[in-house]
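K.L.:
What follows is start_17.csv, CSV, C-alpha atoms.
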chain,number,residue,atom,x,y,z
A,1,MET,CA,36.6,-9.4,12.4
A,2,ASP,CA,33.8,-7.8,14.4
A,3,THR,CA,30.8,-8.7,12.3
A,4,LYS,CA,27.8,-6.7,13.2
A,5,VAL,CA,24.6,-7.1,11.3
A,6,ILE,CA,22.3,-4.4,10.1
A,7,ALA,CA,18.6,-5.2,10.5
A,8,GLU,CA,15.3,-3.6,10.2
A,9,VAL,CA,12.3,-4.5,12.3
A,10,SER,CA,8.7,-3.5,12.2
A,11,VAL,CA,6.3,-4.6,14.9
A,12,LEU,CA,2.6,-4.3,14.0
A,13,PRO,CA,-0.2,-4.7,16.6
A,14,LEU,CA,-3.4,-6.1,15.1
A,15,GLY,CA,-6.9,-5.5,16.2
A,16,THR,CA,-6.1,-2.3,18.2
A,17,GLY,CA,-9.3,-0.5,17.2
A,18,GLY,CA,-7.4,2.5,16.0
A,19,THR,CA,-5.2,3.4,13.1
A,20,SER,CA,-2.5,5.2,14.9
A,21,MET,CA,0.5,3.0,15.6
A,22,SER,CA,3.0,5.6,17.0
A,23,SER,CA,2.3,4.8,20.7
A,24,TYR,CA,3.2,1.2,20.1
A,25,VAL,CA,6.2,2.0,18.0
A,26,THR,CA,7.5,4.5,20.6
A,27,ALA,CA,7.1,1.8,23.4
A,28,CYS,CA,9.0,-0.7,21.2
A,29,VAL,CA,11.8,1.8,20.5
A,30,LYS,CA,12.1,2.6,24.2
A,31,VAL,CA,13.0,-1.0,24.9
A,32,LEU,CA,16.1,-0.5,22.8
A,33,GLU,CA,17.4,2.0,25.3
A,34,LYS,CA,18.3,-1.0,27.5
A,35,TYR,CA,20.4,-2.5,24.7
A,36,SER,CA,23.4,-0.2,25.0
A,37,ASP,CA,25.4,-2.2,22.5
A,38,ILE,CA,22.8,-1.8,19.8
A,39,ARG,CA,22.7,1.3,17.7
A,40,PHE,CA,19.4,2.1,16.1
A,41,GLN,CA,17.6,4.6,13.9
A,42,VAL,CA,13.9,5.1,13.4
A,43,THR,CA,12.8,5.3,9.8
A,44,PRO,CA,9.4,5.9,8.3
A,45,MET,CA,8.8,2.2,7.8
A,46,GLY,CA,10.6,0.6,10.7
A,47,THR,CA,13.6,0.6,13.1
A,48,VAL,CA,17.0,-0.1,11.8
A,49,LEU,CA,19.3,-1.9,14.3
A,50,GLU,CA,23.1,-2.4,14.2
A,51,GLY,CA,24.8,-4.9,16.5
A,52,ASN,CA,25.8,-8.5,17.0
A,53,LEU,CA,23.3,-10.9,15.6
A,54,ASP,CA,22.5,-12.5,19.0
A,55,ARG,CA,21.8,-9.2,20.6
A,56,VAL,CA,19.8,-7.9,17.7
A,57,LEU,CA,17.6,-11.0,17.9
A,58,ALA,CA,17.2,-10.5,21.7
A,59,ALA,CA,16.2,-6.9,21.1
A,60,VAL,CA,13.7,-7.9,18.4
A,61,GLU,CA,12.1,-10.5,20.7
A,62,ALA,CA,11.8,-7.8,23.4
A,63,MET,CA,10.3,-5.3,21.0
A,64,HIS,CA,7.8,-7.9,19.7
A,65,GLU,CA,6.6,-8.5,23.3
A,66,VAL,CA,5.8,-4.8,24.0
A,67,PRO,CA,2.4,-4.5,22.4
A,68,PHE,CA,1.2,-7.6,24.3
A,69,GLY,CA,2.0,-5.8,27.5
A,70,MET,CA,-0.2,-3.0,26.3
A,71,GLY,CA,-3.2,-5.3,25.9
A,72,VAL,CA,-2.8,-6.3,22.2
A,73,LYS,CA,-3.7,-9.9,21.4
A,74,ARG,CA,-2.0,-10.4,18.1
A,75,VAL,CA,1.3,-9.0,16.8
A,76,VAL,CA,2.9,-9.4,13.4
A,77,THR,CA,6.7,-8.7,13.4
A,78,ASP,CA,8.8,-8.3,10.3
A,79,LEU,CA,12.6,-8.6,10.5
A,80,LYS,CA,15.2,-8.3,7.8
A,81,ILE,CA,18.8,-9.1,8.6
A,82,ASP,CA,21.7,-8.0,6.4
A,83,ASP,CA,24.8,-9.9,7.5
A,84,ARG,CA,28.0,-9.2,5.6
A,85,ARG,CA,31.2,-11.0,6.8
A,86,ASP,CA,33.9,-10.0,4.3
A,87,ARG,CA,34.0,-6.4,5.6
A,88,VAL,CA,32.5,-4.3,8.3
A,89,ILE,CA,29.3,-2.4,7.4
A,90,THR,CA,27.5,0.2,9.5
A,91,MET,CA,24.1,1.9,9.1
A,92,GLU,CA,26.0,4.9,7.8
A,93,SER,CA,28.4,3.2,5.5
A,94,LYS,CA,25.6,1.5,3.6
A,95,VAL,CA,23.8,4.8,2.9
A,96,GLU,CA,27.1,6.7,2.2
A,97,ALA,CA,28.2,4.1,-0.4
A,98,VAL,CA,25.0,4.9,-2.4
A,99,ALA,CA,25.2,8.6,-1.8
A,100,ARG,CA,28.8,8.7,-3.1
A,101,LYS,CA,28.0,6.7,-6.3
A,102,ARG,CA,24.9,8.9,-7.0
A,103,LYS,CA,27.1,12.0,-7.5
B,1,MET,CA,-8.2,13.7,0.7
B,2,ASP,CA,-4.9,13.2,-1.0
B,3,THR,CA,-3.9,9.8,0.1
B,4,LYS,CA,-0.3,9.1,-0.5
B,5,VAL,CA,1.2,5.8,0.7
B,6,ILE,CA,4.6,5.4,2.3
B,7,ALA,CA,6.4,2.3,1.1
B,8,GLU,CA,9.8,0.7,1.4
B,9,VAL,CA,11.5,-1.3,-1.3
B,10,SER,CA,14.6,-3.4,-1.4
B,11,VAL,CA,15.8,-4.8,-4.7
B,12,LEU,CA,18.3,-7.7,-4.3
B,13,PRO,CA,20.3,-9.1,-7.3
B,14,LEU,CA,21.2,-12.7,-6.8
B,15,GLY,CA,24.2,-14.6,-8.2
B,16,THR,CA,26.2,-11.5,-8.9
B,17,GLY,CA,29.5,-13.0,-7.8
B,18,GLY,CA,30.3,-10.2,-5.4
B,19,THR,CA,29.0,-9.1,-2.1
B,20,SER,CA,28.8,-5.4,-2.8
B,21,MET,CA,25.3,-4.2,-3.7
B,22,SER,CA,25.8,-0.5,-3.7
B,23,SER,CA,26.2,-0.2,-7.5
B,24,TYR,CA,22.9,-1.9,-8.0
B,25,VAL,CA,21.2,0.1,-5.3
B,26,THR,CA,22.5,3.3,-6.8
B,27,ALA,CA,21.2,2.5,-10.2
B,28,CYS,CA,17.8,1.6,-8.8
B,29,VAL,CA,17.7,4.9,-6.9
B,30,LYS,CA,18.7,6.8,-10.0
B,31,VAL,CA,15.5,5.6,-11.7
B,32,LEU,CA,13.5,7.4,-9.1
B,33,GLU,CA,14.8,10.8,-10.4
B,34,LYS,CA,12.4,10.3,-13.3
B,35,TYR,CA,9.5,10.1,-10.9
B,36,SER,CA,9.2,13.7,-9.9
B,37,ASP,CA,6.0,13.1,-8.0
B,38,ILE,CA,7.6,10.6,-5.7
B,39,ARG,CA,9.6,11.6,-2.7
B,40,PHE,CA,12.2,9.2,-1.5
B,41,GLN,CA,14.8,8.6,1.1
B,42,VAL,CA,17.6,6.0,1.1
B,43,THR,CA,17.9,4.1,4.4
B,44,PRO,CA,20.4,1.5,5.5
B,45,MET,CA,18.0,-1.3,4.6
B,46,GLY,CA,16.0,0.0,1.6
B,47,THR,CA,14.5,3.0,-0.1
B,48,VAL,CA,11.5,4.7,1.4
B,49,LEU,CA,9.0,6.1,-1.2
B,50,GLU,CA,6.1,8.5,-0.7
B,51,GLY,CA,3.5,9.0,-3.4
B,52,ASN,CA,0.3,7.9,-5.0
B,53,LEU,CA,0.0,4.1,-4.9
B,54,ASP,CA,-0.2,3.7,-8.7
B,55,ARG,CA,3.0,5.7,-9.1
B,56,VAL,CA,4.8,4.0,-6.3
B,57,LEU,CA,4.1,0.6,-7.9
B,58,ALA,CA,5.3,1.9,-11.3
B,59,ALA,CA,8.5,3.1,-9.7
B,60,VAL,CA,9.0,-0.2,-7.9
B,61,GLU,CA,8.5,-2.1,-11.2
B,62,ALA,CA,11.1,0.2,-12.8
B,63,MET,CA,13.6,-0.3,-9.9
B,64,HIS,CA,13.1,-4.1,-10.0
B,65,GLU,CA,14.0,-4.0,-13.7
B,66,VAL,CA,17.3,-2.2,-13.2
B,67,PRO,CA,19.6,-5.1,-12.2
B,68,PHE,CA,18.4,-7.2,-15.3
B,69,GLY,CA,19.7,-4.4,-17.4
B,70,MET,CA,23.1,-4.8,-15.7
B,71,GLY,CA,23.3,-8.5,-16.5
B,72,VAL,CA,21.7,-10.0,-13.5
B,73,LYS,CA,19.6,-13.1,-14.0
B,74,ARG,CA,17.6,-13.2,-10.8
B,75,VAL,CA,16.2,-10.4,-8.7
B,76,VAL,CA,14.3,-10.6,-5.4
B,77,THR,CA,12.4,-7.5,-4.6
B,78,ASP,CA,10.7,-6.7,-1.3
B,79,LEU,CA,8.0,-4.1,-0.9
B,80,LYS,CA,6.1,-2.9,2.1
B,81,ILE,CA,3.3,-0.4,1.6
B,82,ASP,CA,1.7,1.5,4.5
B,83,ASP,CA,-1.5,3.1,3.3
B,84,ARG,CA,-3.5,5.2,5.8
B,85,ARG,CA,-6.6,6.8,4.5
B,86,ASP,CA,-8.1,8.6,7.6
B,87,ARG,CA,-5.4,11.2,7.6
B,88,VAL,CA,-2.4,12.3,5.6
B,89,ILE,CA,0.9,10.8,6.6
B,90,THR,CA,4.4,11.7,5.2
B,91,MET,CA,7.8,10.1,5.7
B,92,GLU,CA,8.6,12.9,8.1
B,93,SER,CA,5.3,12.8,10.1
B,94,LYS,CA,5.7,9.1,10.9
B,95,VAL,CA,9.2,9.6,12.3
B,96,GLU,CA,8.3,12.8,14.2
B,97,ALA,CA,5.2,11.2,15.8
B,98,VAL,CA,7.6,8.7,17.4
B,99,ALA,CA,10.3,11.3,18.3
B,100,ARG,CA,7.7,13.5,20.0
B,101,LYS,CA,6.4,10.6,22.1
B,102,ARG,CA,9.9,9.4,23.1
B,103,LYS,CA,10.6,12.7,24.9
C,1,MET,CA,11.2,-17.1,-22.8
C,2,ASP,CA,8.0,-16.7,-20.9
C,3,THR,CA,9.3,-15.2,-17.7
C,4,LYS,CA,6.8,-15.5,-14.9
C,5,VAL,CA,7.5,-14.3,-11.5
C,6,ILE,CA,6.7,-16.0,-8.2
C,7,ALA,CA,5.5,-13.6,-5.5
C,8,GLU,CA,4.1,-13.7,-2.0
C,9,VAL,CA,1.7,-11.1,-0.7
C,10,SER,CA,0.3,-10.4,2.7
C,11,VAL,CA,-2.4,-7.8,3.2
C,12,LEU,CA,-2.8,-6.7,6.8
C,13,PRO,CA,-5.7,-4.5,7.9
C,14,LEU,CA,-4.9,-2.4,10.9
C,15,GLY,CA,-7.2,-1.1,13.6
C,16,THR,CA,-9.9,-3.6,12.9
C,17,GLY,CA,-10.9,-4.1,16.5
C,18,GLY,CA,-10.6,-7.8,16.3
C,19,THR,CA,-7.8,-10.3,16.0
C,20,SER,CA,-9.2,-12.5,13.3
C,21,MET,CA,-8.0,-11.7,9.8
C,22,SER,CA,-9.5,-14.6,7.8
C,23,SER,CA,-12.5,-12.6,6.5
C,24,TYR,CA,-10.1,-10.0,5.1
C,25,VAL,CA,-7.8,-12.7,3.7
C,26,THR,CA,-10.7,-14.5,2.1
C,27,ALA,CA,-12.0,-11.4,0.4
C,28,CYS,CA,-8.5,-10.6,-0.9
C,29,VAL,CA,-8.1,-14.1,-2.3
C,30,LYS,CA,-11.5,-13.9,-4.0
C,31,VAL,CA,-10.3,-11.0,-6.0
C,32,LEU,CA,-7.7,-13.3,-7.5
C,33,GLU,CA,-10.5,-15.3,-9.2
C,34,LYS,CA,-10.8,-12.5,-11.7
C,35,TYR,CA,-7.2,-12.9,-12.7
C,36,SER,CA,-7.4,-16.1,-14.7
C,37,ASP,CA,-3.8,-15.8,-15.9
C,38,ILE,CA,-2.5,-15.8,-12.3
C,39,ARG,CA,-2.0,-19.1,-10.5
C,40,PHE,CA,-2.1,-18.8,-6.7
C,41,GLN,CA,-1.8,-20.8,-3.5
C,42,VAL,CA,-2.8,-19.8,0.0
C,43,THR,CA,-0.1,-20.5,2.6
C,44,PRO,CA,-0.2,-20.0,6.4
C,45,MET,CA,1.6,-16.7,6.1
C,46,GLY,CA,0.4,-15.2,2.8
C,47,THR,CA,-0.7,-15.8,-0.8
C,48,VAL,CA,1.8,-17.0,-3.3
C,49,LEU,CA,1.2,-15.8,-6.9
C,50,GLU,CA,2.6,-16.9,-10.2
C,51,GLY,CA,2.2,-14.9,-13.3
C,52,ASN,CA,3.6,-12.1,-15.4
C,53,LEU,CA,5.0,-9.3,-13.3
C,54,ASP,CA,2.6,-6.6,-14.6
C,55,ARG,CA,-0.4,-8.8,-13.9
C,56,VAL,CA,0.9,-9.8,-10.4
C,57,LEU,CA,1.3,-6.1,-9.5
C,58,ALA,CA,-2.2,-5.4,-10.7
C,59,ALA,CA,-3.5,-8.2,-8.7
C,60,VAL,CA,-1.6,-7.1,-5.6
C,61,GLU,CA,-3.0,-3.6,-6.0
C,62,ALA,CA,-6.5,-5.0,-6.2
C,63,MET,CA,-6.0,-7.2,-3.1
C,64,HIS,CA,-4.5,-4.2,-1.2
C,65,GLU,CA,-7.7,-2.3,-2.0
C,66,VAL,CA,-10.1,-4.9,-0.6
C,67,PRO,CA,-10.0,-4.1,3.2
C,68,PHE,CA,-10.7,-0.4,2.5
C,69,GLY,CA,-13.9,-1.5,0.8
C,70,MET,CA,-14.7,-3.3,4.1
C,71,GLY,CA,-14.3,-0.2,6.2
C,72,VAL,CA,-10.7,-0.5,7.2
C,73,LYS,CA,-8.8,2.8,7.3
C,74,ARG,CA,-5.2,1.6,7.2
C,75,VAL,CA,-3.6,-1.4,5.4
C,76,VAL,CA,-0.1,-2.6,5.4
C,77,THR,CA,0.8,-4.8,2.4
C,78,ASP,CA,3.9,-6.9,2.1
C,79,LEU,CA,5.1,-8.2,-1.2
C,80,LYS,CA,8.1,-10.3,-2.2
C,81,ILE,CA,8.8,-10.9,-5.9
C,82,ASP,CA,11.2,-13.6,-7.1
C,83,ASP,CA,12.0,-13.0,-10.7
C,84,ARG,CA,14.4,-15.5,-12.4
C,85,ARG,CA,15.0,-15.0,-16.1
C,86,ASP,CA,17.6,-17.7,-17.0
C,87,ARG,CA,15.0,-20.4,-16.7
C,88,VAL,CA,11.3,-20.9,-16.1
C,89,ILE,CA,10.3,-21.4,-12.5
C,90,THR,CA,6.9,-22.3,-11.1
C,91,MET,CA,5.5,-22.5,-7.6
C,92,GLU,CA,5.8,-26.3,-7.8
C,93,SER,CA,9.3,-26.4,-9.3
C,94,LYS,CA,10.7,-24.3,-6.5
C,95,VAL,CA,9.4,-26.6,-3.8
C,96,GLU,CA,10.3,-29.7,-5.7
C,97,ALA,CA,13.9,-28.7,-6.2
C,98,VAL,CA,14.2,-28.6,-2.4
C,99,ALA,CA,12.3,-31.8,-1.8
C,100,ARG,CA,14.5,-33.7,-4.3
C,101,LYS,CA,17.7,-32.5,-2.7
C,102,ARG,CA,16.5,-33.2,0.9
C,103,LYS,CA,16.3,-37.0,0.1
D,1,MET,CA,-2.4,-21.3,26.9
D,2,ASP,CA,0.3,-22.8,24.8
D,3,THR,CA,1.0,-19.9,22.5
D,4,LYS,CA,2.9,-21.0,19.4
D,5,VAL,CA,3.8,-18.6,16.7
D,6,ILE,CA,3.6,-19.1,13.0
D,7,ALA,CA,6.6,-17.6,11.1
D,8,GLU,CA,8.0,-17.5,7.7
D,9,VAL,CA,11.7,-17.3,7.0
D,10,SER,CA,13.7,-16.8,3.8
D,11,VAL,CA,17.5,-17.0,3.8
D,12,LEU,CA,19.1,-15.4,0.7
D,13,PRO,CA,22.8,-15.9,0.0
D,14,LEU,CA,24.3,-13.0,-1.9
D,15,GLY,CA,27.2,-13.0,-4.3
D,16,THR,CA,27.0,-16.7,-5.0
D,17,GLY,CA,27.8,-16.5,-8.7
D,18,GLY,CA,24.9,-18.6,-9.7
D,19,THR,CA,21.1,-18.1,-9.8
D,20,SER,CA,20.1,-21.4,-8.3
D,21,MET,CA,19.3,-21.2,-4.6
D,22,SER,CA,17.9,-24.7,-3.9
D,23,SER,CA,21.1,-26.1,-2.5
D,24,TYR,CA,21.2,-23.4,0.1
D,25,VAL,CA,17.5,-23.6,0.9
D,26,THR,CA,17.9,-27.4,1.3
D,27,ALA,CA,20.8,-27.1,3.7
D,28,CYS,CA,18.8,-24.5,5.7
D,29,VAL,CA,15.8,-26.7,5.9
D,30,LYS,CA,17.9,-29.7,7.0
D,31,VAL,CA,18.9,-27.7,10.0
D,32,LEU,CA,15.3,-27.8,11.1
D,33,GLU,CA,15.4,-31.6,11.5
D,34,LYS,CA,17.3,-30.9,14.7
D,35,TYR,CA,14.5,-28.8,16.1
D,36,SER,CA,12.0,-31.6,16.8
D,37,ASP,CA,9.6,-29.2,18.6
D,38,ILE,CA,9.2,-27.1,15.5
D,39,ARG,CA,6.9,-28.0,12.7
D,40,PHE,CA,7.7,-26.7,9.3
D,41,GLN,CA,6.5,-26.5,5.7
D,42,VAL,CA,8.5,-25.5,2.6
D,43,THR,CA,6.5,-23.1,0.4
D,44,PRO,CA,7.5,-21.6,-3.0
D,45,MET,CA,8.7,-18.4,-1.2
D,46,GLY,CA,10.1,-19.5,2.1
D,47,THR,CA,9.8,-21.9,5.0
D,48,VAL,CA,6.9,-21.7,7.4
D,49,LEU,CA,7.7,-22.6,11.0
D,50,GLU,CA,5.4,-23.3,13.9
D,51,GLY,CA,6.7,-23.4,17.5
D,52,ASN,CA,7.5,-21.4,20.6
D,53,LEU,CA,8.9,-18.0,19.8
D,54,ASP,CA,12.2,-18.7,21.5
D,55,ARG,CA,12.7,-21.8,19.6
D,56,VAL,CA,11.7,-20.4,16.3
D,57,LEU,CA,14.2,-17.6,16.7
D,58,ALA,CA,16.9,-20.1,17.6
D,59,ALA,CA,16.1,-22.1,14.5
D,60,VAL,CA,16.1,-19.0,12.3
D,61,GLU,CA,19.5,-18.0,13.7
D,62,ALA,CA,20.8,-21.5,12.8
D,63,MET,CA,19.3,-21.4,9.3
D,64,HIS,CA,20.8,-17.9,8.7
D,65,GLU,CA,24.2,-19.3,9.6
D,66,VAL,CA,24.1,-22.2,7.1
D,67,PRO,CA,25.2,-20.4,3.9
D,68,PHE,CA,28.2,-18.9,5.7
D,69,GLY,CA,29.3,-22.5,6.3
D,70,MET,CA,29.0,-23.1,2.6
D,71,GLY,CA,31.4,-20.2,1.7
D,72,VAL,CA,28.9,-17.4,1.3
D,73,LYS,CA,30.1,-14.0,2.6
D,74,ARG,CA,26.7,-12.1,2.7
D,75,VAL,CA,23.3,-13.3,3.7
D,76,VAL,CA,20.0,-11.5,3.8
D,77,THR,CA,17.4,-13.2,6.0
D,78,ASP,CA,13.7,-12.2,6.1
D,79,LEU,CA,11.5,-13.3,8.9
D,80,LYS,CA,7.8,-12.6,9.6
D,81,ILE,CA,6.3,-13.7,12.9
D,82,ASP,CA,2.5,-14.0,13.4
D,83,ASP,CA,1.9,-14.3,17.2
D,84,ARG,CA,-1.7,-14.6,18.3
D,85,ARG,CA,-2.4,-15.0,22.0
D,86,ASP,CA,-6.2,-15.1,22.3
D,87,ARG,CA,-6.4,-18.5,20.7
D,88,VAL,CA,-4.3,-21.3,19.4
D,89,ILE,CA,-3.4,-21.1,15.7
D,90,THR,CA,-1.6,-23.6,13.6
D,91,MET,CA,-0.2,-23.6,10.1
D,92,GLU,CA,-3.2,-25.7,9.0
D,93,SER,CA,-5.9,-23.7,10.9
D,94,LYS,CA,-4.9,-20.5,9.3
D,95,VAL,CA,-5.2,-21.9,5.8
D,96,GLU,CA,-8.4,-23.8,6.6
D,97,ALA,CA,-10.1,-20.7,8.0
D,98,VAL,CA,-9.7,-19.1,4.6
D,99,ALA,CA,-10.6,-22.2,2.6
D,100,ARG,CA,-13.8,-22.6,4.6
D,101,LYS,CA,-14.9,-19.0,4.0
D,102,ARG,CA,-14.1,-19.1,0.3
D,103,LYS,CA,-16.8,-21.8,-0.3
Could you spell out this file's structure in structure tokens?
P.N.:
Amino acid sequence: MDTKVIAEVSVLPLGTGGTSMSSYVTACVKVLEKYSDIRFQVTPMGTVLEGNLDRVLAAVEAMHEVPFGMGVKRVVTDLKIDDRRDRVITMESKVEAVARKRK
Amino acid sequence: MDTKVIAEVSVLPLGTGGTSMSSYVTACVKVLEKYSDIRFQVTPMGTVLEGNLDRVLAAVEAMHEVPFGMGVKRVVTDLKIDDRRDRVITMESKVEAVARKRK
Amino acid sequence: MDTKVIAEVSVLPLGTGGTSMSSYVTACVKVLEKYSDIRFQVTPMGTVLEGNLDRVLAAVEAMHEVPFGMGVKRVVTDLKIDDRRDRVITMESKVEAVARKRK
Amino acid sequence: MDTKVIAEVSVLPLGTGGTSMSSYVTACVKVLEKYSDIRFQVTPMGTVLEGNLDRVLAAVEAMHEVPFGMGVKRVVTDLKIDDRRDRVITMESKVEAVARKRK
């Protein structure tokens, strides 16, 4: 079975001197365009990724590096991985399962 | 200024004997219907909430309680709160700020 | 049964213009001295709390407020709650259970 | 400069049919004994790691895999990485900085 994980990552630059984070988030998300085997979705609190675990971790490492390239000296990255191996889950199937049951 | 927070919550029941979580998630989300002053959005990895901090915390406490009412004996709840007080942010404005800059 | 939760909180001030966080962490931890019914422990990545859920949430809300009082305009707070109701757990019992099995 | 990260990981097996997690946590922690370049510390809410980012991510991936080898079908892993590159931080220095200021 092709077991993809669903993950959510949030990369927070510290000590930036400003409260806006969207330039950093945008640059982190742009890195994902190089990972054609990873599907992603920007949410209000992070970026959701879907792909093989190895690739997701590589993408997260690349995203985590981005603010340092923009002059930031400290970054706190949060990652949550949901890995289900008894059936295939996707970003959409997880949301739809709840939507269906809410009716 | 009306300072609403954006938050993301994930309520995980442990020891349920099954891998599907959508019934628990659905029941947790249903609790939010009683909180008419909280806007929310179900994502693949959690539920995003927008509202006053006090009310968001009350809603999270109510969501956290749900699986116990369904027979679960251990629950791990994750909460992340983004509280910006120099300008109003919404669930939509955060995502749009990134979408705009990605173009 | 007296069901206390174990929780971990991390309060991150954004846009502070400096990389050191320890003054903010210290001020957040000091707030806990007013919560005599909450036991706590500072770890390298957060503060672990033990107490009744209501009180833990009140303490977290107070901690979250601290950096705003120090001039910060945006705060991201992370909270994880472990709530087990079939037996009493403490900060120590959780660590000891692992230490015992590692031998 | 030798830039080590401090991270905290929590590996949660879902659907195990029991509320005790310490056997899984213990097995995950045992994996770390193979990573001699990673220092670690078990806390009430997770395992704190200190080491190079690449190695920490490899260790987290190995820990995440452990419950699957014990028959679990779904695992949710949480990781938080604190990466400061303007000075060396250690697990101890972070806690001591707060302890010193609390006096």
K.L.:
Nearest to Glu92 in chain B among A:Val42, A:Cys28, A:Val76, A:Ala7, with distances taken over all atoms listed in the file: which residue is it?
P.N.:
A:Val42
K.L.:
Using all atoms listed in the file, find the residues of chain D whose closest atom to chain A is at most 9 Å away, then write them as number ranges by chain.
P.N.:
D: 53-54, 57, 61, 68, 72-86
K.L.:
Of the candidates A:Ala62, A:Thr47, A:Arg39, A:Arg102, which shows the shortest atom-to-atom distance to Thr90 in chain A, using all atoms listed in the file?
P.N.:
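For Thr90 in chain A, the nearest of the candidates is A:Arg39.
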K.L.:
Report, in Å to a single decimal, how far apart CA of Ser23 in chain D and CA of Ala59 in chain D are.
P.N.:
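Rounded to one decimal, the two atoms are 18.2 Å apart.
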K.L.:
Can you give me chain B superposed onto chain A, least-squares on all Cα in order, written as a compact mmCIF listing (two decimals) with C-alpha atoms, keeping the file's coordinate frame?
P.N.:
# COMPACT_ATOMS: atom_id res chain seq x y z
CA MET B 1 36.61 -9.32 12.43
CA ASP B 2 33.79 -7.78 14.35
CA THR B 3 30.81 -8.70 12.34
CA LYS B 4 27.81 -6.69 13.22
CA VAL B 5 24.59 -7.15 11.23
CA ILE B 6 22.28 -4.37 10.13
CA ALA B 7 18.63 -5.30 10.48
CA GLU B 8 15.25 -3.66 10.19
CA VAL B 9 12.24 -4.52 12.29
CA SER B 10 8.63 -3.53 12.16
CA VAL B 11 6.30 -4.60 14.94
CA LEU B 12 2.58 -4.36 13.98
CA PRO B 13 -0.23 -4.74 16.60
CA LEU B 14 -3.39 -6.05 15.07
CA GLY B 15 -6.99 -5.46 16.19
CA THR B 16 -6.16 -2.39 18.19
CA GLY B 17 -9.28 -0.50 17.18
CA GLY B 18 -7.40 2.55 16.01
CA THR B 19 -5.22 3.37 13.11
CA SER B 20 -2.49 5.18 14.98
CA MET B 21 0.57 3.04 15.68
CA SER B 22 2.95 5.60 17.00
CA SER B 23 2.31 4.79 20.69
CA TYR B 24 3.19 1.20 20.07
CA VAL B 25 6.20 2.06 17.97
CA THR B 26 7.44 4.40 20.64
CA ALA B 27 7.20 1.83 23.33
CA CYS B 28 9.02 -0.71 21.21
CA VAL B 29 11.79 1.81 20.53
CA LYS B 30 12.03 2.63 24.21
CA VAL B 31 13.02 -0.99 24.89
CA LEU B 32 16.07 -0.51 22.77
CA GLU B 33 17.49 2.02 25.32
CA LYS B 34 18.27 -1.00 27.48
CA TYR B 35 20.42 -2.43 24.73
CA SER B 36 23.41 -0.18 24.97
CA ASP B 37 25.39 -2.23 22.51
CA ILE B 38 22.85 -1.78 19.78
CA ARG B 39 22.72 1.29 17.63
CA PHE B 40 19.42 2.17 16.11
CA GLN B 41 17.65 4.58 13.90
CA VAL B 42 13.89 5.08 13.46
CA THR B 43 12.81 5.29 9.80
CA PRO B 44 9.41 5.94 8.29
CA MET B 45 8.83 2.22 7.81
CA GLY B 46 10.64 0.52 10.73
CA THR B 47 13.57 0.63 13.08
CA VAL B 48 17.04 -0.04 11.80
CA LEU B 49 19.33 -1.91 14.30
CA GLU B 50 23.09 -2.44 14.19
CA GLY B 51 24.77 -4.95 16.47
CA ASN B 52 25.84 -8.48 17.09
CA LEU B 53 23.28 -10.92 15.67
CA ASP B 54 22.54 -12.58 19.04
CA ARG B 55 21.81 -9.19 20.58
CA VAL B 56 19.80 -7.94 17.68
CA LEU B 57 17.54 -11.01 17.92
CA ALA B 58 17.16 -10.51 21.70
CA ALA B 59 16.16 -6.92 21.11
CA VAL B 60 13.69 -7.91 18.41
CA GLU B 61 12.13 -10.51 20.76
CA ALA B 62 11.83 -7.79 23.42
CA MET B 63 10.25 -5.28 20.94
CA HIS B 64 7.79 -7.94 19.68
CA GLU B 65 6.70 -8.47 23.29
CA VAL B 66 5.89 -4.82 23.94
CA PRO B 67 2.40 -4.52 22.39
CA PHE B 68 1.19 -7.69 24.38
CA GLY B 69 2.04 -5.78 27.47
CA MET B 70 -0.25 -2.96 26.28
CA GLY B 71 -3.21 -5.29 25.81
CA VAL B 72 -2.78 -6.34 22.28
CA LYS B 73 -3.72 -9.88 21.37
CA ARG B 74 -1.97 -10.33 18.06
CA VAL B 75 1.33 -8.98 16.83
CA VAL B 76 2.95 -9.38 13.41
CA THR B 77 6.60 -8.65 13.41
CA ASP B 78 8.83 -8.31 10.35
CA LEU B 79 12.58 -8.60 10.44
CA LYS B 80 15.19 -8.27 7.76
CA ILE B 81 18.80 -9.00 8.63
CA ASP B 82 21.70 -8.06 6.33
CA ASP B 83 24.81 -9.85 7.49
CA ARG B 84 28.06 -9.23 5.56
CA ARG B 85 31.09 -10.98 6.83
CA ASP B 86 33.88 -9.96 4.32
CA ARG B 87 33.98 -6.44 5.61
CA VAL B 88 32.49 -4.27 8.30
CA ILE B 89 29.35 -2.41 7.38
CA THR B 90 27.46 0.21 9.52
CA MET B 91 24.11 1.91 9.05
CA GLU B 92 25.99 4.96 7.88
CA SER B 93 28.42 3.17 5.48
CA LYS B 94 25.58 1.53 3.56
CA VAL B 95 23.83 4.85 2.96
CA GLU B 96 27.06 6.74 2.13
CA ALA B 97 28.20 4.06 -0.37
CA VAL B 98 25.02 4.87 -2.32
CA ALA B 99 25.26 8.69 -1.87
CA ARG B 100 28.86 8.67 -3.11
CA LYS B 101 27.93 6.70 -6.24
CA ARG B 102 24.88 8.88 -7.03
CA LYS B 103 27.10 11.96 -7.48
K.L.:
For a test of reading the model, state the distance in Å between CA of Val95 in chain D and CA of Thr26 in chain C, rounded to one decimal.
P.N.:
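Spanning CA of Val95 in chain D to CA of Thr26 in chain C is a straight-line distance of 9.9 Å.
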K.L.:
So which residues touch Lys94 in chain B within 9 Å, counting all atoms listed in the file, skipping near sequence neighbours fewer than 6 positions away, as a PDB file with C-alpha atoms, keeping the file's coordinate frame?
P.N.:
ATOM      1  CA  SER A  22       3.000   5.600  17.000  1.00  0.00           C
ATOM      2  CA  THR A  43      12.800   5.300   9.800  1.00  0.00           C
ATOM      3  CA  PRO A  44       9.400   5.900   8.300  1.00  0.00           C
ATOM      4  CA  MET A  45       8.800   2.200   7.800  1.00  0.00           C
TER       5      MET A  45
END
